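Next comes data_8.csv, with CSV, C-alpha atoms.
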chain,number,residue,atom,x,y,z
A,132,MET,CA,32.2,-16.8,-10.2
A,133,HIS,CA,33.4,-14.0,-7.9
A,134,GLU,CA,33.7,-16.7,-5.1
A,135,LEU,CA,37.4,-17.3,-5.9
A,136,SER,CA,38.3,-13.7,-5.2
A,137,ILE,CA,36.0,-13.6,-2.1
A,138,ALA,CA,37.6,-16.9,-0.8
A,139,SER,CA,41.1,-15.3,-1.2
A,140,ALA,CA,39.9,-12.1,0.6
A,141,ILE,CA,38.5,-14.2,3.5
A,142,VAL,CA,41.8,-15.9,3.9
A,143,ALA,CA,43.6,-12.5,3.9
A,144,THR,CA,41.2,-11.1,6.5
A,145,ALA,CA,41.5,-14.1,8.7
A,146,GLU,CA,45.3,-14.0,8.5
A,147,LYS,CA,45.3,-10.4,9.5
A,148,HIS,CA,43.4,-11.2,12.7
A,149,ALA,CA,45.1,-14.6,13.6
A,150,GLY,CA,48.3,-13.1,14.9
A,151,GLY,CA,50.3,-15.9,13.4
A,152,SER,CA,48.3,-18.7,15.0
A,153,ALA,CA,46.7,-21.5,12.9
A,154,VAL,CA,43.0,-20.8,12.1
A,155,SER,CA,40.6,-23.7,12.7
A,156,ALA,CA,37.4,-22.0,11.7
A,157,VAL,CA,36.2,-18.9,10.0
A,158,SER,CA,32.6,-17.5,10.2
A,159,VAL,CA,31.4,-15.4,7.3
A,160,ARG,CA,28.1,-13.6,6.8
A,161,ALA,CA,27.1,-13.1,3.2
A,162,GLY,CA,24.0,-11.1,2.4
A,163,ARG,CA,21.6,-12.6,-0.1
A,164,LEU,CA,22.1,-9.5,-2.4
A,165,ARG,CA,25.8,-10.3,-2.8
A,166,GLN,CA,24.9,-13.4,-4.9
A,167,VAL,CA,27.5,-15.6,-3.3
A,168,VAL,CA,27.0,-19.3,-4.2
A,169,PRO,CA,27.8,-21.3,-1.1
A,170,GLU,CA,28.9,-24.5,-2.9
A,171,SER,CA,31.2,-22.5,-5.1
A,172,LEU,CA,32.7,-20.6,-2.2
A,173,GLU,CA,33.3,-23.9,-0.4
A,174,PHE,CA,35.0,-25.3,-3.4
A,175,TYR,CA,37.5,-22.4,-3.8
A,176,TRP,CA,38.0,-22.3,0.0
A,177,GLY,CA,39.5,-25.8,-0.2
A,178,ILE,CA,41.9,-24.5,-2.9
A,179,VAL,CA,43.0,-21.1,-1.7
A,180,THR,CA,43.6,-22.1,1.9
A,181,ARG,CA,46.3,-24.6,1.0
A,182,GLY,CA,49.6,-23.5,2.6
A,183,THR,CA,48.0,-20.6,4.5
A,184,VAL,CA,47.1,-20.2,8.2
A,185,CYS,CA,43.6,-21.3,7.2
A,186,ASP,CA,44.8,-24.7,5.8
A,187,GLY,CA,42.3,-27.2,7.0
A,188,ALA,CA,40.0,-24.6,8.6
A,189,ARG,CA,36.2,-24.9,8.5
A,190,LEU,CA,34.3,-22.2,6.6
A,191,GLU,CA,31.0,-21.4,8.3
A,192,LEU,CA,28.9,-19.4,6.0
A,193,GLU,CA,25.7,-17.8,7.0
A,194,VAL,CA,23.6,-16.4,4.2
A,195,VAL,CA,21.6,-13.4,5.5
A,196,PRO,CA,18.2,-12.9,3.9
A,197,ALA,CA,17.6,-9.6,2.1
A,198,VAL,CA,15.2,-7.4,4.0
A,199,LEU,CA,14.0,-4.1,2.6
A,200,ALA,CA,12.1,-1.2,4.1
A,201,CYS,CA,10.0,1.4,2.3
A,202,ALA,CA,11.0,5.0,3.1
A,203,ASP,CA,7.5,6.1,2.2
A,204,CYS,CA,5.1,3.9,4.1
A,205,GLY,CA,7.5,2.1,6.5
A,206,HIS,CA,6.5,-1.4,5.3
A,207,GLU,CA,9.3,-3.9,5.8
A,208,TRP,CA,9.6,-7.2,3.8
A,209,ALA,CA,11.9,-10.1,3.0
A,210,LEU,CA,12.9,-10.0,-0.7
A,211,GLY,CA,12.0,-13.1,-2.6
A,212,GLU,CA,11.9,-12.2,-6.3
A,213,PRO,CA,14.2,-9.4,-7.2
A,214,ASN,CA,11.6,-6.7,-7.0
A,215,PHE,CA,12.7,-3.5,-5.2
A,216,ARG,CA,9.4,-1.8,-5.3
A,217,CYS,CA,7.4,-1.6,-2.1
A,218,PRO,CA,4.7,-4.3,-2.3
A,219,ALA,CA,2.4,-2.3,0.0
A,220,CYS,CA,2.4,1.1,-1.6
A,221,GLY,CA,4.4,0.7,-4.9
A,222,GLU,CA,6.9,3.4,-4.1
A,223,THR,CA,10.5,2.9,-5.2
A,224,ASP,CA,12.3,4.7,-2.4
A,225,VAL,CA,13.4,1.6,-0.5
A,226,ALA,CA,16.3,1.0,1.8
A,227,VAL,CA,18.2,-2.3,2.3
A,228,VAL,CA,17.9,-3.2,5.9
A,229,SER,CA,20.0,-6.4,5.6
A,230,GLY,CA,21.3,-8.7,2.9
A,231,GLN,CA,24.1,-6.4,1.6
A,232,GLN,CA,26.8,-7.4,4.0
A,233,LEU,CA,29.8,-9.6,3.2
A,234,GLU,CA,31.9,-9.8,6.3
A,235,VAL,CA,34.1,-12.1,8.4
A,236,GLU,CA,32.2,-12.3,11.7
A,237,SER,CA,34.8,-14.2,13.7
A,238,ILE,CA,37.7,-16.7,13.5
A,239,GLU,CA,38.7,-19.5,15.8
A,240,ILE,CA,42.4,-19.9,16.3
A,241,GLU,CA,44.6,-22.5,17.9
A,242,GLU,CA,46.9,-21.3,20.6
A,243,GLU,CA,49.7,-23.0,22.5
A,244,GLU,CA,48.8,-23.4,26.2
A,245,ALA,CA,50.8,-20.9,28.3
A,246,CYS,CA,53.2,-22.8,30.5
A,247,ILE,CA,52.5,-21.7,34.0
A,248,GLY,CA,54.4,-22.7,37.1
A,249,SER,CA,56.7,-25.2,35.4
A,250,MET,CA,59.4,-26.8,37.4
B,117,MET,CA,46.8,-26.3,22.6
B,118,HIS,CA,43.4,-24.6,23.0
B,119,ARG,CA,41.0,-22.9,20.7
B,120,LYS,CA,40.2,-19.3,21.0
B,121,HIS,CA,37.3,-17.4,19.4
B,122,VAL,CA,38.3,-14.0,18.0
B,123,LYS,CA,35.7,-11.4,16.9
B,124,VAL,CA,36.6,-9.9,13.6
B,125,LEU,CA,33.5,-8.1,12.1
B,126,GLU,CA,35.4,-6.8,9.0
B,127,ASP,CA,34.2,-6.4,5.5
B,128,VAL,CA,35.7,-9.2,3.3
B,129,LEU,CA,36.6,-6.7,0.6
B,130,ASP,CA,38.0,-4.1,3.1
B,131,ALA,CA,41.5,-4.4,1.5
B,132,ASN,CA,40.1,-3.7,-2.0
B,133,GLY,CA,38.1,-0.8,-0.6
B,134,THR,CA,41.2,0.8,0.9
B,135,ILE,CA,43.1,0.7,-2.5
B,136,ALA,CA,40.0,1.9,-4.3
B,137,ALA,CA,40.0,4.9,-2.0
B,138,ALA,CA,43.7,5.6,-2.8
B,139,ASN,CA,42.9,5.4,-6.5
B,140,ARG,CA,39.9,7.8,-6.0
B,141,SER,CA,42.1,10.3,-4.2
B,142,ASP,CA,44.6,10.2,-7.1
B,143,PHE,CA,41.8,10.7,-9.6
B,144,ASP,CA,40.4,13.7,-7.6
B,145,ARG,CA,43.8,15.3,-7.3
B,146,ALA,CA,44.2,15.1,-11.1
B,147,GLY,CA,40.7,16.3,-11.6
B,148,VAL,CA,39.7,13.4,-13.8
B,149,THR,CA,36.3,11.8,-13.8
B,150,VAL,CA,36.4,8.0,-13.9
B,151,VAL,CA,33.8,5.8,-15.5
B,152,ASN,CA,33.8,2.0,-14.8
B,153,LEU,CA,32.2,0.5,-17.9
B,154,MET,CA,30.8,-3.0,-17.3
B,155,SER,CA,28.8,-5.6,-19.3
B,156,ALA,CA,28.5,-9.2,-20.4
B,157,PRO,CA,31.1,-10.3,-23.0
B,158,GLY,CA,30.1,-9.1,-26.4
B,159,ALA,CA,27.6,-6.4,-25.3
B,160,GLY,CA,29.5,-3.9,-27.4
B,161,LYS,CA,31.5,-1.9,-24.9
B,162,THR,CA,34.5,-1.4,-27.2
B,163,THR,CA,32.4,-0.6,-30.3
B,164,LEU,CA,30.4,1.8,-28.3
B,165,LEU,CA,33.6,3.6,-27.1
B,166,GLU,CA,35.0,3.7,-30.7
B,167,ARG,CA,31.7,5.3,-31.8
B,168,THR,CA,31.2,7.7,-28.9
B,169,LEU,CA,34.7,8.9,-28.1
B,170,ARG,CA,35.0,10.2,-31.7
B,171,GLY,CA,33.4,13.6,-31.6
B,172,LEU,CA,33.6,14.0,-27.8
B,173,GLU,CA,34.8,17.6,-28.3
B,174,GLY,CA,36.6,19.5,-25.6
B,175,VAL,CA,37.2,16.6,-23.3
B,176,ARG,CA,40.6,14.9,-23.0
B,177,VAL,CA,39.8,11.2,-22.7
B,178,GLY,CA,42.0,8.2,-21.7
B,179,VAL,CA,41.0,4.5,-21.7
B,180,LEU,CA,42.1,1.6,-19.6
B,181,GLU,CA,41.2,-1.7,-21.1
B,182,GLY,CA,40.7,-4.8,-18.9
B,183,ASP,CA,40.7,-8.2,-20.5
B,184,VAL,CA,41.7,-11.7,-19.5
B,185,GLN,CA,43.9,-12.0,-22.6
B,186,SER,CA,45.1,-10.0,-25.6
B,187,THR,CA,45.5,-6.4,-26.6
B,188,LEU,CA,42.7,-6.5,-29.2
B,189,ASP,CA,40.5,-3.9,-27.5
B,190,ALA,CA,43.4,-1.5,-26.7
B,191,ASP,CA,44.6,-1.8,-30.4
B,192,ARG,CA,41.1,-0.7,-31.5
B,193,ILE,CA,41.0,2.2,-29.1
B,194,ALA,CA,44.5,3.3,-30.1
B,195,HIS,CA,43.2,4.2,-33.6
B,196,LEU,CA,41.3,7.0,-31.9
B,197,HIS,CA,44.6,8.6,-30.8
B,198,VAL,CA,43.7,8.7,-27.2
B,199,PRO,CA,46.0,7.4,-24.4
B,200,VAL,CA,45.1,3.7,-23.8
B,201,ILE,CA,46.5,1.1,-21.5
B,202,GLN,CA,45.7,-2.6,-21.6
B,203,ILE,CA,45.5,-4.7,-18.4
B,204,ASN,CA,45.5,-8.5,-18.8
B,205,THR,CA,44.3,-10.4,-15.8
B,206,ASP,CA,45.6,-13.8,-16.8
B,207,PRO,CA,48.4,-14.2,-14.2
B,208,GLY,CA,45.6,-15.3,-11.8
B,209,PHE,CA,43.7,-18.5,-11.6
B,210,GLY,CA,43.1,-18.9,-15.3
B,211,GLY,CA,42.6,-15.1,-15.5
B,212,GLU,CA,40.6,-13.0,-13.1
B,213,CYS,CA,37.1,-12.3,-14.4
B,214,HIS,CA,37.1,-8.7,-13.2
B,215,LEU,CA,39.3,-5.8,-12.5
B,216,ASP,CA,40.0,-5.0,-8.9
B,217,ALA,CA,41.4,-1.8,-7.3
B,218,ASN,CA,44.9,-3.1,-7.1
B,219,MET,CA,45.1,-4.0,-10.8
B,220,VAL,CA,43.9,-0.5,-11.7
B,221,ARG,CA,46.4,1.0,-9.3
B,222,SER,CA,49.3,-0.8,-10.9
B,223,ALA,CA,48.3,0.7,-14.3
B,224,LEU,CA,48.0,4.3,-13.1
B,225,PRO,CA,51.7,5.2,-13.4
B,226,SER,CA,51.4,4.5,-17.2
B,227,LEU,CA,48.5,7.0,-17.6
B,228,PRO,CA,48.9,10.8,-18.0
B,229,LEU,CA,46.2,11.4,-15.4
B,230,GLU,CA,47.0,15.1,-15.1
B,231,GLN,CA,46.3,15.6,-18.8
B,232,LEU,CA,42.9,13.9,-18.8
B,233,ASP,CA,39.4,15.0,-18.0
B,234,LEU,CA,37.8,11.6,-18.4
B,235,LEU,CA,39.1,8.1,-17.9
B,236,VAL,CA,37.0,5.2,-19.1
B,237,ILE,CA,37.9,1.9,-17.5
B,238,GLU,CA,36.5,-0.9,-19.6
B,239,ASN,CA,36.1,-3.8,-17.3
B,240,VAL,CA,36.3,-7.5,-18.1
B,241,GLY,CA,33.1,-8.8,-19.7
B,242,ASN,CA,31.1,-10.4,-16.9
B,243,LEU,CA,27.8,-9.7,-15.3
B,244,VAL,CA,28.6,-10.7,-11.7
B,245,CYS,CA,32.2,-10.1,-10.4
B,246,PRO,CA,32.9,-6.5,-11.6
B,247,ALA,CA,29.9,-5.3,-9.7
B,248,GLU,CA,31.6,-6.5,-6.5
B,249,PHE,CA,34.9,-4.7,-6.8
B,250,ARG,CA,35.1,-0.9,-6.5
B,251,ILE,CA,38.1,0.5,-8.3
B,252,GLY,CA,37.9,4.2,-7.3
B,253,GLU,CA,35.4,5.2,-10.0
B,254,ASP,CA,33.0,8.1,-9.9
B,255,HIS,CA,30.4,6.3,-12.0
B,256,ARG,CA,29.5,2.7,-12.7
B,257,VAL,CA,27.9,2.3,-16.1
B,258,MET,CA,26.7,-0.9,-17.7
B,259,VAL,CA,26.0,-1.8,-21.3
B,260,SER,CA,23.2,-4.3,-21.7
B,261,SER,CA,22.5,-5.4,-25.3
B,262,VAL,CA,19.1,-6.3,-26.5
B,263,ALA,CA,20.5,-9.6,-27.9
B,264,GLU,CA,21.0,-10.8,-24.3
B,265,GLY,CA,17.3,-11.1,-23.6
B,266,GLU,CA,14.8,-9.1,-21.5
B,267,ASP,CA,15.3,-11.3,-18.3
B,268,LYS,CA,18.9,-10.2,-17.6
B,269,PRO,CA,18.0,-7.6,-14.9
B,270,LEU,CA,16.2,-10.2,-12.9
B,271,LYS,CA,19.1,-12.7,-13.2
B,272,TYR,CA,21.9,-10.3,-12.4
B,273,PRO,CA,20.4,-7.8,-9.9
B,274,LEU,CA,23.8,-7.2,-8.2
B,275,MET,CA,25.1,-5.7,-11.4
B,276,PHE,CA,22.0,-3.8,-12.5
B,277,ARG,CA,21.7,-2.3,-9.0
B,278,ALA,CA,25.3,-1.3,-8.8
B,279,CYS,CA,25.3,1.1,-11.8
B,280,ASP,CA,24.1,4.7,-12.2
B,281,LEU,CA,23.5,4.4,-16.0
B,282,VAL,CA,22.3,1.5,-18.1
B,283,ILE,CA,23.1,1.8,-21.8
B,284,ILE,CA,20.8,-0.4,-23.8
B,285,ASN,CA,22.8,-1.3,-26.9
B,286,LYS,CA,22.2,-2.9,-30.3
B,287,ILE,CA,18.7,-1.4,-30.7
B,288,ASP,CA,19.2,-1.7,-34.5
B,289,LEU,CA,18.6,-5.4,-33.9
B,290,LEU,CA,15.2,-5.0,-32.4
B,291,PRO,CA,13.2,-5.8,-35.6
B,292,HIS,CA,15.0,-9.1,-35.8
B,293,LEU,CA,14.7,-10.3,-32.2
B,294,ASP,CA,11.9,-11.6,-30.0
B,295,PHE,CA,12.9,-8.9,-27.5
B,296,ASP,CA,10.1,-7.1,-25.7
B,297,LEU,CA,11.6,-3.7,-24.8
B,298,ASP,CA,8.7,-2.8,-22.5
B,299,ARG,CA,9.1,-6.0,-20.5
B,300,TYR,CA,12.8,-5.4,-20.3
B,301,LEU,CA,12.3,-1.9,-18.9
B,302,SER,CA,9.7,-3.2,-16.5
B,303,ASN,CA,12.3,-5.8,-15.3
B,304,LEU,CA,14.9,-3.1,-15.0
B,305,ASP,CA,12.6,-0.9,-12.9
B,306,ALA,CA,11.8,-3.9,-10.6
B,307,VAL,CA,15.5,-4.3,-9.9
B,308,HIS,CA,16.7,-0.7,-9.9
B,309,PRO,CA,13.7,1.6,-10.0
B,310,GLY,CA,14.2,4.8,-12.0
B,311,VAL,CA,17.9,4.1,-12.9
B,312,GLU,CA,19.0,6.4,-15.8
B,313,ARG,CA,18.9,4.6,-19.1
B,314,LEU,CA,19.9,5.3,-22.7
B,315,LEU,CA,18.8,3.5,-25.9
B,316,VAL,CA,21.7,3.3,-28.4
B,317,SER,CA,23.1,1.5,-31.3
B,318,ALA,CA,26.9,1.5,-31.5
B,319,LYS,CA,26.5,0.2,-35.1
B,320,THR,CA,24.3,2.9,-36.5
B,321,GLY,CA,25.2,5.7,-34.0
B,322,GLU,CA,21.6,6.1,-33.0
B,323,GLY,CA,21.4,7.5,-29.4
B,324,THR,CA,25.2,8.0,-29.1
B,325,ASP,CA,24.7,11.8,-29.0
B,326,ASP,CA,22.9,11.3,-25.7
B,327,LEU,CA,25.7,9.2,-24.4
B,328,ARG,CA,28.2,11.8,-25.5
B,329,ASP,CA,26.2,14.4,-23.6
B,330,TRP,CA,26.1,12.2,-20.5
B,331,LEU,CA,29.9,11.8,-20.6
B,332,LEU,CA,30.4,15.5,-21.2
B,333,ARG,CA,28.2,16.4,-18.3
B,334,SER,CA,29.9,13.9,-16.0
B,335,ALA,CA,33.4,15.1,-17.0
B,336,THR,CA,32.7,18.8,-16.6
B,337,ARG,CA,30.6,18.5,-13.4
B,338,GLU,CA,33.4,16.6,-11.6
B,339,ALA,CA,36.0,19.0,-12.8
B,340,ALA,CA,34.1,22.0,-11.5
B,341,PRO,CA,35.6,23.4,-8.2
B,342,ALA,CA,33.7,22.2,-5.2
Any chance you could put this one into structure tokens?
Amino acid sequence: MHELSIASAIVATAEKHAGGSAVSAVSVRAGRLRQVVPESLEFYWGIVTRGTVCDGARLELEVVPAVLACADCGHEWALGEPNFRCPACGETDVAVVSGQQLEVESIEIEEEEACIGSM
Amino acid sequence: MHRKHVKVLEDVLDANGTIAAANRSDFDRAGVTVVNLMSAPGAGKTTLLERTLRGLEGVRVGVLEGDVQSTLDADRIAHLHVPVIQINTDPGFGGECHLDANMVRSALPSLPLEQLDLLVIENVGNLVCPAEFRIGEDHRVMVSSVAEGEDKPLKYPLMFRACDLVIINKIDLLPHLDFDLDRYLSNLDAVHPGVERLLVSAKTGEGTDDLRDWLLRSATREAAPA
């Protein structure tokens, strides 16, 4: 449901870094904990890119698994079910190692070849 | 024409975060504590505010109402004779399903921030999107009604993990529902271990004293000089 706003924000971020060039691809990393639905993001991507520098650009989405670490016993685990208690010792003081990010990793832009040594 | 790879490594919601920080600095300057109140549609946010803001002695409260359409909620709050502003999100794609930092920022000039101790921002009813967008708030509070079922923390972990306080509303309905409160609390603790929680009924008023105390503590703590 938040994918529409996220798609718009991705376009804005790409535009900022494209320096006026057309964008042919955008790589995005979305942590599992952000609850981004890939199909939904792809759907809105097709709509919000129309008429922007990202028109026709590929969206490459990498969903990053959620990994947690227990501050108490140091155990690290990949989160399956939403259970934020340490499965090893039962403590609740856990840190999110990854899976919380939502970032534009890179973009691919199309540049005119510089004209060198023309007659 | 050739293709060039450009490293970006920027948070997608960076622009929202920047505006949220500007809101926050305005709130701090005015000495007002801001609560972002979130829930599913129909969990009872507005009724809870009507019940709780009455009798909140010694605290000057303002309310910012966020809805896709209508001024129904703002009209209800206006009866409490507190400053209230309604934001409608409908100019977007069929109406945005959450408030973002910029929508809140655009409403700030209409609010007498300097004359407030506490500003409650009632977000659009939705259990996903509002959790994603910071608006410059001090506290994120959610209302979760027992009529929604005990599985909701497991289904919407983003929201349940984002908040500092969970208000469990409509407890007057418990005798009529197949709702296992212990199982709900155990689900809540699985998703956000130890998060502060209050059991209330906006209808009967049960537990709303505790919510008033929580709001009073928040409003006065933030106003104290650092």
With only C-alpha atoms as the atoms that count, which of A:Ala138, A:Ala143, A:Val225, A:Ala219 lies nearest to Leu199 in chain A?
-> A:Val225
Given a cut-off of 8 Å, which residues of chain B touch chain A, counting only C-alpha atoms, written out as a list in words?
->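 The contacting residues on chain B are Met117, His118, Arg119, Lys120, His121, Val122, Lys123, Val124, Leu125, Glu126, Asp127, Val128, Leu129, Ala131, Cys213, Val244, Cys245, Glu248, Leu270, Pro273, Leu274, Ala306, Val307, His308, Pro309 and Gly310 of chain B.
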For CA of Gly182 in chain A and CA of Pro246 in chain B, quote the distance in Å rounded to one decimal.
-> 27.7 Å
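You will find CA of Val282 in chain B at 20.5 Å from CA of Asp294 in chain B.
For the set A:Asp186, A:Val227, A:Leu192, A:Gly205, the residue with the smallest atom-to-atom gap to Glu173 in chain A is A:Leu192, counting all atoms listed in the file.
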Place a sphere of radius 12 Å on (45.3, 18.7, -7.3) in the file coordinates and name every protein, DNA or RNA residue with an atom inside or on its surface, counting all atoms listed in the file; give the answer as a list of chain:residue names.
->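 Here the neighbourhood of the point contains B:Ser141, B:Asp142, B:Phe143, B:Asp144, B:Arg145, B:Ala146, B:Gly147, B:Val148, B:Leu229, B:Glu230, B:Gln231, B:Ala339, B:Pro341.
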If you keep C-alpha atoms, can you produce a file of those selected residues as a short mmCIF file (atom, residue, chain, number, x, y, z; two decimals), keeping the file's coordinate frame?
data_model
loop_
_atom_site.label_atom_id
_atom_site.label_comp_id
_atom_site.auth_asym_id
_atom_site.auth_seq_id
_atom_site.Cartn_x
_atom_site.Cartn_y
_atom_site.Cartn_z
CA SER B 141 42.10 10.30 -4.20
CA ASP B 142 44.60 10.20 -7.10
CA PHE B 143 41.80 10.70 -9.60
CA ASP B 144 40.40 13.70 -7.60
CA ARG B 145 43.80 15.30 -7.30
CA ALA B 146 44.20 15.10 -11.10
CA GLY B 147 40.70 16.30 -11.60
CA VAL B 148 39.70 13.40 -13.80
CA LEU B 229 46.20 11.40 -15.40
CA GLU B 230 47.00 15.10 -15.10
CA GLN B 231 46.30 15.60 -18.80
CA ALA B 339 36.00 19.00 -12.80
CA PRO B 341 35.60 23.40 -8.20
#
Distance query Trp330 in chain B at most 10 Å, all atoms listed in the file, self and fewer than 6 positions along chain excluded, as a list in words | Leu281, Leu314 and Thr324 of chain B
At what distance in Å, to one decimal, does CA of Leu243 in chain B lie from CA of Glu170 in chain A?
->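 One can read the CA of Glu170 in chain A to CA of Leu243 in chain B distance as 19.3 Å.
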N, CA and C atoms restored at range 128-148 of chain B, emitted as a compact mmCIF listing (two decimals), keeping the file's coordinate frame:
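Saved to rebuild-v5.txt:
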# COMPACT_ATOMS: atom_id res chain seq x y z
N VAL B 128 34.77 -8.27 4.05
CA VAL B 128 35.70 -9.20 3.30
C VAL B 128 36.52 -8.41 2.30
N LEU B 129 35.90 -7.40 1.70
CA LEU B 129 36.60 -6.70 0.60
C LEU B 129 37.20 -5.36 1.13
N ASP B 130 37.45 -5.29 2.44
CA ASP B 130 38.00 -4.10 3.10
C ASP B 130 39.34 -3.69 2.39
N ALA B 131 40.20 -4.67 2.10
CA ALA B 131 41.50 -4.40 1.50
C ALA B 131 41.33 -3.74 0.12
N ASN B 132 40.39 -4.29 -0.65
CA ASN B 132 40.10 -3.70 -2.00
C ASN B 132 39.57 -2.29 -1.82
N GLY B 133 38.71 -2.09 -0.83
CA GLY B 133 38.10 -0.80 -0.60
C GLY B 133 39.17 0.28 -0.26
N THR B 134 40.18 -0.12 0.49
CA THR B 134 41.20 0.80 0.90
C THR B 134 42.03 1.26 -0.36
N ILE B 135 42.33 0.31 -1.24
CA ILE B 135 43.10 0.70 -2.50
C ILE B 135 42.21 1.48 -3.40
N ALA B 136 40.93 1.14 -3.45
CA ALA B 136 40.00 1.90 -4.30
C ALA B 136 39.96 3.37 -3.83
N ALA B 137 40.00 3.58 -2.51
CA ALA B 137 40.00 4.90 -2.00
C ALA B 137 41.25 5.69 -2.35
N ALA B 138 42.39 4.97 -2.38
CA ALA B 138 43.70 5.60 -2.80
C ALA B 138 43.60 5.99 -4.26
N ASN B 139 43.03 5.12 -5.09
CA ASN B 139 42.90 5.40 -6.50
C ASN B 139 41.99 6.69 -6.65
N ARG B 140 40.90 6.69 -5.91
CA ARG B 140 39.90 7.80 -6.00
C ARG B 140 40.62 9.11 -5.62
N SER B 141 41.47 9.07 -4.62
CA SER B 141 42.10 10.30 -4.20
C SER B 141 43.09 10.79 -5.27
N ASP B 142 43.77 9.85 -5.97
CA ASP B 142 44.60 10.20 -7.10
C ASP B 142 43.82 10.84 -8.23
N PHE B 143 42.67 10.24 -8.50
CA PHE B 143 41.80 10.70 -9.60
C PHE B 143 41.31 12.16 -9.25
N ASP B 144 40.91 12.35 -7.99
CA ASP B 144 40.40 13.70 -7.60
C ASP B 144 41.50 14.72 -7.67
N ARG B 145 42.70 14.34 -7.25
CA ARG B 145 43.80 15.30 -7.30
C ARG B 145 44.09 15.72 -8.73
N ALA B 146 43.97 14.77 -9.67
CA ALA B 146 44.20 15.10 -11.10
C ALA B 146 43.03 15.71 -11.75
N GLY B 147 41.90 15.75 -11.06
CA GLY B 147 40.70 16.30 -11.60
C GLY B 147 40.13 15.52 -12.80
N VAL B 148 40.26 14.20 -12.70
CA VAL B 148 39.70 13.40 -13.80
C VAL B 148 38.53 12.57 -13.28
